[in-house]
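Peer 1: File name protein-v8.tsv; file contents TSV, C-alpha atoms and all ligand atoms; full text below.
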```tsv
chain	number	residue	atom	x	y	z
A	138	MET	CA	-18.95	-34.06	-5.59
A	139	GLY	CA	-16.81	-36.20	-3.30
A	140	ARG	CA	-17.51	-37.20	0.23
A	141	ALA	CA	-15.98	-35.11	3.01
A	142	VAL	CA	-14.87	-37.31	5.87
A	143	ASN	CA	-12.42	-37.05	8.69
A	144	LEU	CA	-9.10	-38.30	7.48
A	145	PHE	CA	-6.80	-37.59	10.34
A	146	VAL	CA	-6.80	-36.07	13.80
A	147	SER	CA	-3.79	-34.79	15.65
A	148	ILE	CA	-3.21	-33.05	18.94
A	149	THR	CA	-0.59	-30.35	19.33
A	150	ARG	CA	0.67	-29.02	22.63
A	151	SER	CA	2.61	-25.92	21.53
A	152	PRO	CA	2.85	-23.54	18.57
A	153	GLU	CA	6.02	-25.38	17.54
A	154	GLU	CA	4.13	-28.66	17.34
A	155	THR	CA	1.44	-27.02	15.22
A	156	GLU	CA	4.12	-25.62	12.93
A	157	LYS	CA	5.68	-29.06	12.67
A	158	ALA	CA	2.30	-30.54	11.70
A	159	GLY	CA	2.09	-27.93	8.96
A	160	GLU	CA	5.56	-28.81	7.75
A	161	VAL	CA	4.71	-32.51	7.47
A	162	LEU	CA	1.67	-31.63	5.38
A	163	GLY	CA	3.62	-29.09	3.33
A	164	ARG	CA	6.07	-31.72	2.18
A	165	ALA	CA	3.17	-33.75	0.78
A	166	LEU	CA	1.37	-30.93	-1.03
A	167	GLU	CA	1.33	-30.56	-4.79
A	168	ILE	CA	0.53	-27.64	-7.04
A	169	GLY	CA	-3.17	-27.18	-7.47
A	170	ASP	CA	-3.86	-28.21	-3.88
A	171	VAL	CA	-6.11	-26.02	-1.75
A	172	VAL	CA	-5.98	-26.18	2.06
A	173	LEU	CA	-8.66	-24.38	4.08
A	174	LEU	CA	-7.77	-23.56	7.69
A	175	ILE	CA	-10.71	-23.01	10.02
A	176	GLY	CA	-10.58	-21.87	13.61
A	177	GLU	CA	-11.12	-18.86	15.84
A	178	LEU	CA	-8.72	-15.95	16.38
A	179	GLY	CA	-5.46	-17.31	17.76
A	180	ALA	CA	-6.34	-20.89	16.94
A	181	GLY	CA	-2.98	-21.51	15.29
A	182	LYS	CA	-3.77	-21.12	11.59
A	183	THR	CA	-0.79	-18.85	10.90
A	184	ALA	CA	1.53	-21.09	12.93
A	185	PHE	CA	0.41	-24.03	10.81
A	186	SER	CA	0.81	-22.01	7.58
A	187	ARG	CA	4.38	-21.16	8.57
A	188	GLY	CA	5.08	-24.87	8.80
A	189	VAL	CA	3.43	-25.58	5.45
A	190	ALA	CA	5.70	-22.94	3.92
A	191	ARG	CA	8.76	-24.57	5.42
A	192	GLY	CA	7.63	-27.95	4.09
A	193	LEU	CA	7.37	-26.39	0.63
A	194	GLY	CA	10.93	-25.07	0.88
A	195	VAL	CA	10.00	-21.42	1.45
A	196	ARG	CA	12.80	-19.56	3.20
A	197	ASP	CA	11.11	-16.20	3.76
A	198	ARG	CA	9.38	-15.63	7.06
A	199	VAL	CA	5.65	-16.10	6.71
A	200	THR	CA	3.59	-13.39	8.38
A	201	SER	CA	-0.14	-13.04	8.72
A	202	PRO	CA	-1.72	-11.65	5.55
A	203	THR	CA	-4.72	-10.33	7.48
A	204	PHE	CA	-4.57	-6.85	5.96
A	205	VAL	CA	-3.17	-7.61	2.52
A	206	LEU	CA	-5.40	-10.72	2.19
A	207	VAL	CA	-2.89	-12.64	0.06
A	208	ARG	CA	0.87	-13.13	-0.06
A	209	ASN	CA	2.92	-15.28	-2.42
A	210	TYR	CA	6.08	-17.14	-1.46
A	211	GLN	CA	8.53	-19.00	-3.63
A	212	GLY	CA	9.75	-22.38	-2.47
A	213	SER	CA	10.25	-25.61	-4.37
A	214	LYS	CA	6.61	-24.90	-5.20
A	215	GLU	CA	4.92	-21.52	-5.05
A	216	LEU	CA	2.72	-20.90	-2.01
A	217	VAL	CA	-0.24	-18.53	-2.00
A	218	HIS	CA	-1.17	-17.75	1.59
A	219	ALA	CA	-4.48	-15.96	2.09
A	220	ASP	CA	-6.48	-14.77	5.09
A	221	LEU	CA	-10.17	-14.10	4.50
A	222	TYR	CA	-10.92	-12.75	7.98
A	223	ARG	CA	-11.83	-9.36	6.60
A	224	LEU	CA	-14.30	-10.83	4.17
A	225	GLY	CA	-16.48	-11.19	7.24
A	226	ASP	CA	-17.01	-7.48	7.67
A	227	GLY	CA	-18.32	-6.06	4.48
A	228	ALA	CA	-16.76	-8.31	1.82
A	229	LEU	CA	-14.79	-5.47	0.24
A	230	PHE	CA	-13.33	-7.73	-2.35
A	231	ASP	CA	-14.80	-9.83	-5.02
A	232	LEU	CA	-13.29	-13.19	-4.13
A	233	GLN	CA	-12.46	-13.81	-7.76
A	234	MET	CA	-10.16	-10.83	-7.77
A	235	LEU	CA	-7.94	-12.68	-5.35
A	236	GLU	CA	-7.38	-15.48	-7.88
A	237	LEU	CA	-7.11	-18.22	-5.28
A	238	GLY	CA	-6.86	-21.90	-6.09
A	239	MET	CA	-4.81	-21.52	-9.26
A	240	PRO	CA	-3.50	-24.78	-10.73
A	241	ASP	CA	0.20	-23.83	-10.66
A	242	VAL	CA	0.47	-22.97	-6.96
A	243	VAL	CA	-0.32	-24.42	-3.54
A	244	THR	CA	-3.07	-22.37	-1.88
A	245	VAL	CA	-3.49	-22.13	1.90
A	246	ILE	CA	-6.44	-20.06	3.14
A	247	GLU	CA	-6.97	-18.94	6.73
A	248	TRP	CA	-10.62	-18.37	7.63
A	249	GLY	CA	-11.37	-20.64	4.69
A	250	ASP	CA	-14.91	-21.12	5.98
A	251	ARG	CA	-15.70	-17.56	4.86
A	252	ALA	CA	-15.62	-18.80	1.27
A	253	ALA	CA	-15.65	-22.57	1.53
A	254	GLY	CA	-18.34	-22.93	-1.14
A	255	SER	CA	-16.12	-21.19	-3.68
A	256	PHE	CA	-13.47	-23.87	-3.39
A	257	GLU	CA	-15.53	-27.01	-3.08
A	258	TYR	CA	-15.02	-28.00	-6.72
A	259	LEU	CA	-11.25	-28.01	-6.12
A	260	ARG	CA	-11.67	-30.75	-3.49
A	261	PRO	CA	-9.84	-28.87	-0.71
A	262	LEU	CA	-8.34	-30.34	2.40
A	263	THR	CA	-10.03	-28.66	5.36
A	264	ILE	CA	-8.27	-28.47	8.71
A	265	ARG	CA	-10.26	-27.45	11.78
A	266	PHE	CA	-8.40	-26.09	14.78
A	267	ILE	CA	-10.37	-26.96	17.86
A	268	PRO	CA	-9.38	-25.23	21.10
A	269	GLN	CA	-9.24	-27.22	24.31
A	270	ASN	CA	-9.52	-26.22	27.94
A	271	ASN	CA	-5.74	-26.23	28.19
A	272	PRO	CA	-4.72	-23.02	26.35
A	273	ASP	CA	-1.63	-24.66	24.83
A	274	VAL	CA	-3.48	-27.58	23.30
A	275	ARG	CA	-5.22	-27.77	19.94
A	276	VAL	CA	-6.98	-30.60	18.19
A	277	LEU	CA	-6.42	-30.47	14.43
A	278	ARG	CA	-9.02	-32.30	12.41
A	279	TYR	CA	-8.27	-32.98	8.75
A	280	GLU	CA	-11.29	-33.43	6.52
A	281	GLY	CA	-11.55	-33.99	2.81
A	282	ASP	CA	-12.51	-36.25	-0.03
A	283	PRO	CA	-10.64	-39.49	0.58
A	284	ASP	CA	-10.25	-40.03	-3.17
A	285	ALA	CA	-8.27	-36.82	-3.34
A	286	TRP	CA	-6.38	-36.99	-0.06
A	287	SER	CA	-6.06	-40.41	1.55
A	288	LEU	CA	-3.09	-41.61	-0.42
A	289	ARG	CA	-1.34	-38.26	-0.21
A	290	LEU	CA	-1.73	-38.05	3.55
A	291	SER	CA	-0.68	-41.61	4.19
A	292	ARG	CA	2.42	-41.08	2.05
A	293	ALA	CA	3.20	-38.12	4.29
A	294	GLY	CA	3.10	-40.51	7.21
A	295	LEU	CA	-0.21	-39.24	8.54
A	296	GLU	CA	-2.11	-42.24	9.75
A	297	ILE	CA	-5.53	-42.23	8.14
A	298	ARG	CA	-8.51	-43.01	10.28
A	299	THR	CA	-11.82	-42.56	8.55
A	300	LEU	CA	-14.02	-41.48	11.41
A	301	ASP	CA	-17.67	-40.73	11.76
A	302	TRP	CA	-18.49	-37.25	10.63
A	303	PRO	CA	-18.93	-34.78	12.14
A	304	LEU	CA	-17.13	-35.28	15.39
A	305	PRO	CA	-18.19	-33.26	18.43
A	306	GLU	CA	-16.43	-29.92	18.67
A	307	ASN	CA	-14.68	-30.77	21.92
A	401	LIG	N1	-0.83	-25.85	20.30
A	401	LIG	C1	-0.77	-24.61	19.79
A	401	LIG	N2	-0.74	-24.44	18.45
A	401	LIG	C2	-0.72	-23.20	17.91
A	401	LIG	N3	-0.69	-22.06	18.61
A	401	LIG	C3	-0.72	-22.16	19.94
A	401	LIG	C4	-0.76	-23.42	20.58
A	401	LIG	N4	-0.78	-23.21	21.92
A	401	LIG	C5	-0.77	-21.90	22.09
A	401	LIG	N5	-0.71	-21.23	20.91
A	401	LIG	C6	-0.72	-19.76	20.75
A	401	LIG	O1	-1.85	-19.41	20.00
A	401	LIG	C7	-1.54	-18.35	19.09
A	401	LIG	C8	-1.78	-18.82	17.66
A	401	LIG	O2	-1.60	-17.72	16.81
A	401	LIG	P1	-1.82	-17.75	15.24
A	401	LIG	O3	-1.48	-16.40	14.74
A	401	LIG	O4	-1.13	-18.91	14.64
A	401	LIG	O5	-3.41	-17.98	15.19
A	401	LIG	P2	-4.39	-17.73	13.96
A	401	LIG	O6	-5.35	-18.85	13.98
A	401	LIG	O7	-3.61	-17.51	12.71
A	401	LIG	O8	-5.15	-16.41	14.37
A	401	LIG	P3	-5.86	-15.30	13.40
A	401	LIG	O9	-7.28	-15.75	13.24
A	401	LIG	O10	-5.76	-14.04	14.19
A	401	LIG	O11	-5.14	-15.24	12.10
A	401	LIG	C9	-0.11	-17.95	19.34
A	401	LIG	O12	-0.09	-16.90	20.25
A	401	LIG	C10	0.47	-19.22	19.95
A	401	LIG	O13	1.55	-18.94	20.81
A	402	MG	MG	-3.60	-16.00	11.26
```
Transcribe the structure of this file into structure tokens.
Peer 2:
Amino acid sequence: MGRAVNLFVSITRSPEETEKAGEVLGRALEIGDVVLLIGELGAGKTAFSRGVARGLGVRDRVTSPTFVLVRNYQGSKELVHADLYRLGDGALFDLQMLELGMPDVVTVIEWGDRAAGSFEYLRPLTIRFIPQNNPDVRVLRYEGDPDAWSLRLSRAGLEIRTLDWPLPEN
């Protein structure tokens, strides 16, 4: 199993900036990739996902899949956008039924921490959304196996800084 280290940290100051960060990542994603988004309610995970979709050439409006759990979108690559929030209360679904992390699609999972262990073997990119005292500001921390992600992220223009892990939450 690869090492998980901090690969990149960015600060966004509006939902639009978070969406833009998602778009930059989306342009660099390839089929088979799994991105886990972790952060509290209202952290900006859906805003980021919307940007990822745009970066993948999806034209449909991306909405939160909180109640349906998974939605698929067609772009230049297919996007599977999931939200595992409801797995927290009662785990109604067998995770396998959701068929996440398939090799022919890009998978983005909100509340990815609810099932992080299930995706570890796919070497996901994990992005933590860390709230700040200023309600418009978020710190986005990208973590993953550098063998899987460093080159990809640097090609996307994301400056890689391999930082000590873990960083403090604030
Ligand atoms: N820098 C920022 N980035 C993203 N959203 C921000 C930022 N500043 C303020 N916001 C606000 O935070 C909210 C983020 O909502 P969003 O639906 O993206 O969160 P979420 O993490 O998907 O929440 P949920 O867990 O309910 O799915 C929006 O109301 C947005 O306007
Ligand atoms: Mg959401």
Peer 1: Take atom CA of A:Thr149 and atom CA of A:Ile175 and report the distance between them in Å, one decimal.
Peer 2: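 Computed distance, atom CA of A:Thr149 to atom CA of A:Ile175, equals 15.6 Å.
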Peer 1: Using atom CA of A:Leu262 and atom CA of A:Pro283 as the two end points, give the distance in Å to one decimal.
Peer 2: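 About the pair atom CA of A:Leu262 and atom CA of A:Pro283: they are 9.6 Å apart.
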Peer 1: Distance limit 6 Å, reference ligand LIG 401 (chain A), atoms considered: all atoms listed in the file. Which residues make the cut? Give them as a list in words.
Peer 2: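 Taking all atoms listed in the file into account, the residues around ligand LIG 401 (chain A) at most 6 Å away are Thr149, Arg150, Ser151, Pro152, Thr155, Glu177, Leu178, Gly179, Ala180, Gly181, Lys182, Thr183, Ala184, Pro272, Asp273, Val274 and Arg275 of chain A.
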Peer 1: Taking all atoms listed in the file and a cut-off of 12 Å, can you tell me which residues surround ligand MG 402 (chain A), written as a VMD selection string?
Peer 2: chain A and resid 174 to 187 199 to 204 206 to 207 218 to 223 245 to 249 266
Peer 1: Include C-alpha atoms and write out the residues we just selected as a PDB file, in the frame of the given file.
Peer 2:
```pdb
ATOM      1  CA  LEU A 174      -7.770 -23.560   7.690  1.00  0.00           C
ATOM      2  CA  ILE A 175     -10.710 -23.010  10.020  1.00  0.00           C
ATOM      3  CA  GLY A 176     -10.580 -21.870  13.610  1.00  0.00           C
ATOM      4  CA  GLU A 177     -11.120 -18.860  15.840  1.00  0.00           C
ATOM      5  CA  LEU A 178      -8.720 -15.950  16.380  1.00  0.00           C
ATOM      6  CA  GLY A 179      -5.460 -17.310  17.760  1.00  0.00           C
ATOM      7  CA  ALA A 180      -6.340 -20.890  16.940  1.00  0.00           C
ATOM      8  CA  GLY A 181      -2.980 -21.510  15.290  1.00  0.00           C
ATOM      9  CA  LYS A 182      -3.770 -21.120  11.590  1.00  0.00           C
ATOM     10  CA  THR A 183      -0.790 -18.850  10.900  1.00  0.00           C
ATOM     11  CA  ALA A 184       1.530 -21.090  12.930  1.00  0.00           C
ATOM     12  CA  PHE A 185       0.410 -24.030  10.810  1.00  0.00           C
ATOM     13  CA  SER A 186       0.810 -22.010   7.580  1.00  0.00           C
ATOM     14  CA  ARG A 187       4.380 -21.160   8.570  1.00  0.00           C
ATOM     15  CA  VAL A 199       5.650 -16.100   6.710  1.00  0.00           C
ATOM     16  CA  THR A 200       3.590 -13.390   8.380  1.00  0.00           C
ATOM     17  CA  SER A 201      -0.140 -13.040   8.720  1.00  0.00           C
ATOM     18  CA  PRO A 202      -1.720 -11.650   5.550  1.00  0.00           C
ATOM     19  CA  THR A 203      -4.720 -10.330   7.480  1.00  0.00           C
ATOM     20  CA  PHE A 204      -4.570  -6.850   5.960  1.00  0.00           C
ATOM     21  CA  LEU A 206      -5.400 -10.720   2.190  1.00  0.00           C
ATOM     22  CA  VAL A 207      -2.890 -12.640   0.060  1.00  0.00           C
ATOM     23  CA  HIS A 218      -1.170 -17.750   1.590  1.00  0.00           C
ATOM     24  CA  ALA A 219      -4.480 -15.960   2.090  1.00  0.00           C
ATOM     25  CA  ASP A 220      -6.480 -14.770   5.090  1.00  0.00           C
ATOM     26  CA  LEU A 221     -10.170 -14.100   4.500  1.00  0.00           C
ATOM     27  CA  TYR A 222     -10.920 -12.750   7.980  1.00  0.00           C
ATOM     28  CA  ARG A 223     -11.830  -9.360   6.600  1.00  0.00           C
ATOM     29  CA  VAL A 245      -3.490 -22.130   1.900  1.00  0.00           C
ATOM     30  CA  ILE A 246      -6.440 -20.060   3.140  1.00  0.00           C
ATOM     31  CA  GLU A 247      -6.970 -18.940   6.730  1.00  0.00           C
ATOM     32  CA  TRP A 248     -10.620 -18.370   7.630  1.00  0.00           C
ATOM     33  CA  GLY A 249     -11.370 -20.640   4.690  1.00  0.00           C
ATOM     34  CA  PHE A 266      -8.400 -26.090  14.780  1.00  0.00           C
TER      35      PHE A 266
END
```
Peer 1: Which polymer residues have any atom within 10 Å of an atom of A:Thr263, counting all atoms listed in the file, with same-chain residues fewer than 2 positions away left out, as a list in words?
Peer 2: Ala141, Val142, Asn143, Leu144, Val171, Val172, Leu173, Leu174, Ile175, Val245, Ile246, Gly249, Asp250, Ala253, Arg260, Pro261, Arg265, Phe266, Leu277, Arg278, Tyr279, Glu280, Gly281 and Asp282 of chain A
Peer 1: Please determine, counting only C-alpha atoms, which residue among A:Val217, A:Leu162, A:Val276, A:Val189 has the shortest atom-to-atom distance to A:Ala293.
Peer 2: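 Checking each of A:Val217, A:Leu162, A:Val276, A:Val189 against A:Ala293, counting only C-alpha atoms, the winner is A:Leu162.
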Peer 1: Taking into account only C-alpha atoms, which residue in the set A:Ala190, A:Leu259, A:Met234, A:Leu290 is nearest to A:Asn209?
Peer 2: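 Among the listed residues, A:Ala190 lies closest to A:Asn209.
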Peer 1: What separation in Å, quoted to one decimal, exists between atom CA of A:Ser291 and atom CA of A:Arg196?
Peer 2: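 Rounded to one decimal, the two atoms are 25.9 Å apart.
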Peer 1: Excluding same-chain residues fewer than 2 positions from A:Gly212, what lies within 9 Å of it counting only C-alpha atoms, as an NGL selection string?
Peer 2: :A and (190-197 or 210 or 214-216)
Peer 1: When distances are computed from all atoms listed in the file, which of A:Glu167, A:Gly188, A:Arg208, A:Phe256 shows the smallest separation from A:Glu154?
Peer 2: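 Under the stated criterion, the closest residue is A:Gly188.
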Peer 1: May I have the protein, DNA and RNA residues with any atom at most 7 Å from the point (2.5, -28.0, -6.5), counting all atoms listed in the file, written as a ChimeraX atom specification?
Peer 2: /A:166-170,214,241-243
Peer 1: Pick the closest to A:Arg164 from A:Pro268, A:Arg251, A:Met239, A:Ser213: which is it, counting only C-alpha atoms?
Peer 2: A:Ser213
Peer 1: Using only C-alpha atoms, pick whichever of A:Leu288, A:Gly163, A:Gly238, A:Gly294 has the shortest atom-to-atom distance to A:Glu257.
Peer 2: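 Counting only C-alpha atoms, the residue closest to A:Glu257 is A:Gly238.
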Peer 1: Generate a file for stretch 173-187 of chain A, containing N, CA and C atoms, as a PDB file, in the first residue's frame.
Peer 2:
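out.pdb, freshly written:
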```
ATOM      1  N   LEU A 173     -11.920  11.282  -3.032  1.00  0.00           N
ATOM      2  CA  LEU A 173     -12.741  11.296  -1.818  1.00  0.00           C
ATOM      3  C   LEU A 173     -12.753  12.711  -1.263  1.00  0.00           C
ATOM      4  N   LEU A 174     -13.936  13.271  -1.054  1.00  0.00           N
ATOM      5  CA  LEU A 174     -14.063  14.625  -0.516  1.00  0.00           C
ATOM      6  C   LEU A 174     -14.539  14.528   0.929  1.00  0.00           C
ATOM      7  N   ILE A 175     -13.797  15.149   1.827  1.00  0.00           N
ATOM      8  CA  ILE A 175     -14.066  15.018   3.257  1.00  0.00           C
ATOM      9  C   ILE A 175     -14.195  16.396   3.880  1.00  0.00           C
ATOM     10  N   GLY A 176     -15.291  16.605   4.562  1.00  0.00           N
ATOM     11  CA  GLY A 176     -15.506  17.880   5.241  1.00  0.00           C
ATOM     12  C   GLY A 176     -16.928  17.930   5.766  1.00  0.00           C
ATOM     13  N   GLU A 177     -17.163  18.817   6.711  1.00  0.00           N
ATOM     14  CA  GLU A 177     -18.466  18.886   7.367  1.00  0.00           C
ATOM     15  C   GLU A 177     -19.553  19.389   6.411  1.00  0.00           C
ATOM     16  N   LEU A 178     -20.787  19.375   6.899  1.00  0.00           N
ATOM     17  CA  LEU A 178     -21.919  19.933   6.144  1.00  0.00           C
ATOM     18  C   LEU A 178     -21.574  21.356   5.703  1.00  0.00           C
ATOM     19  N   GLY A 179     -21.785  21.642   4.441  1.00  0.00           N
ATOM     20  CA  GLY A 179     -21.541  22.994   3.942  1.00  0.00           C
ATOM     21  C   GLY A 179     -20.078  23.335   3.752  1.00  0.00           C
ATOM     22  N   ALA A 180     -19.232  22.333   3.765  1.00  0.00           N
ATOM     23  CA  ALA A 180     -17.792  22.597   3.638  1.00  0.00           C
ATOM     24  C   ALA A 180     -17.403  23.027   2.226  1.00  0.00           C
ATOM     25  N   GLY A 181     -18.196  22.633   1.242  1.00  0.00           N
ATOM     26  CA  GLY A 181     -17.893  22.992  -0.142  1.00  0.00           C
ATOM     27  C   GLY A 181     -17.645  21.804  -1.046  1.00  0.00           C
ATOM     28  N   LYS A 182     -18.010  20.607  -0.588  1.00  0.00           N
ATOM     29  CA  LYS A 182     -17.755  19.402  -1.371  1.00  0.00           C
ATOM     30  C   LYS A 182     -18.547  19.386  -2.677  1.00  0.00           C
ATOM     31  N   THR A 183     -19.823  19.821  -2.606  1.00  0.00           N
ATOM     32  CA  THR A 183     -20.624  19.829  -3.840  1.00  0.00           C
ATOM     33  C   THR A 183     -20.139  20.928  -4.780  1.00  0.00           C
ATOM     34  N   ALA A 184     -19.769  22.074  -4.229  1.00  0.00           N
ATOM     35  CA  ALA A 184     -19.219  23.153  -5.070  1.00  0.00           C
ATOM     36  C   ALA A 184     -17.990  22.643  -5.824  1.00  0.00           C
ATOM     37  N   PHE A 185     -17.132  21.948  -5.132  1.00  0.00           N
ATOM     38  CA  PHE A 185     -15.920  21.399  -5.747  1.00  0.00           C
ATOM     39  C   PHE A 185     -16.287  20.370  -6.818  1.00  0.00           C
ATOM     40  N   SER A 186     -17.267  19.516  -6.500  1.00  0.00           N
ATOM     41  CA  SER A 186     -17.688  18.469  -7.453  1.00  0.00           C
ATOM     42  C   SER A 186     -18.224  19.077  -8.744  1.00  0.00           C
ATOM     43  N   ARG A 187     -18.952  20.170  -8.590  1.00  0.00           N
ATOM     44  CA  ARG A 187     -19.481  20.893  -9.755  1.00  0.00           C
ATOM     45  C   ARG A 187     -18.338  21.323 -10.667  1.00  0.00           C
TER      46      ARG A 187
END
```
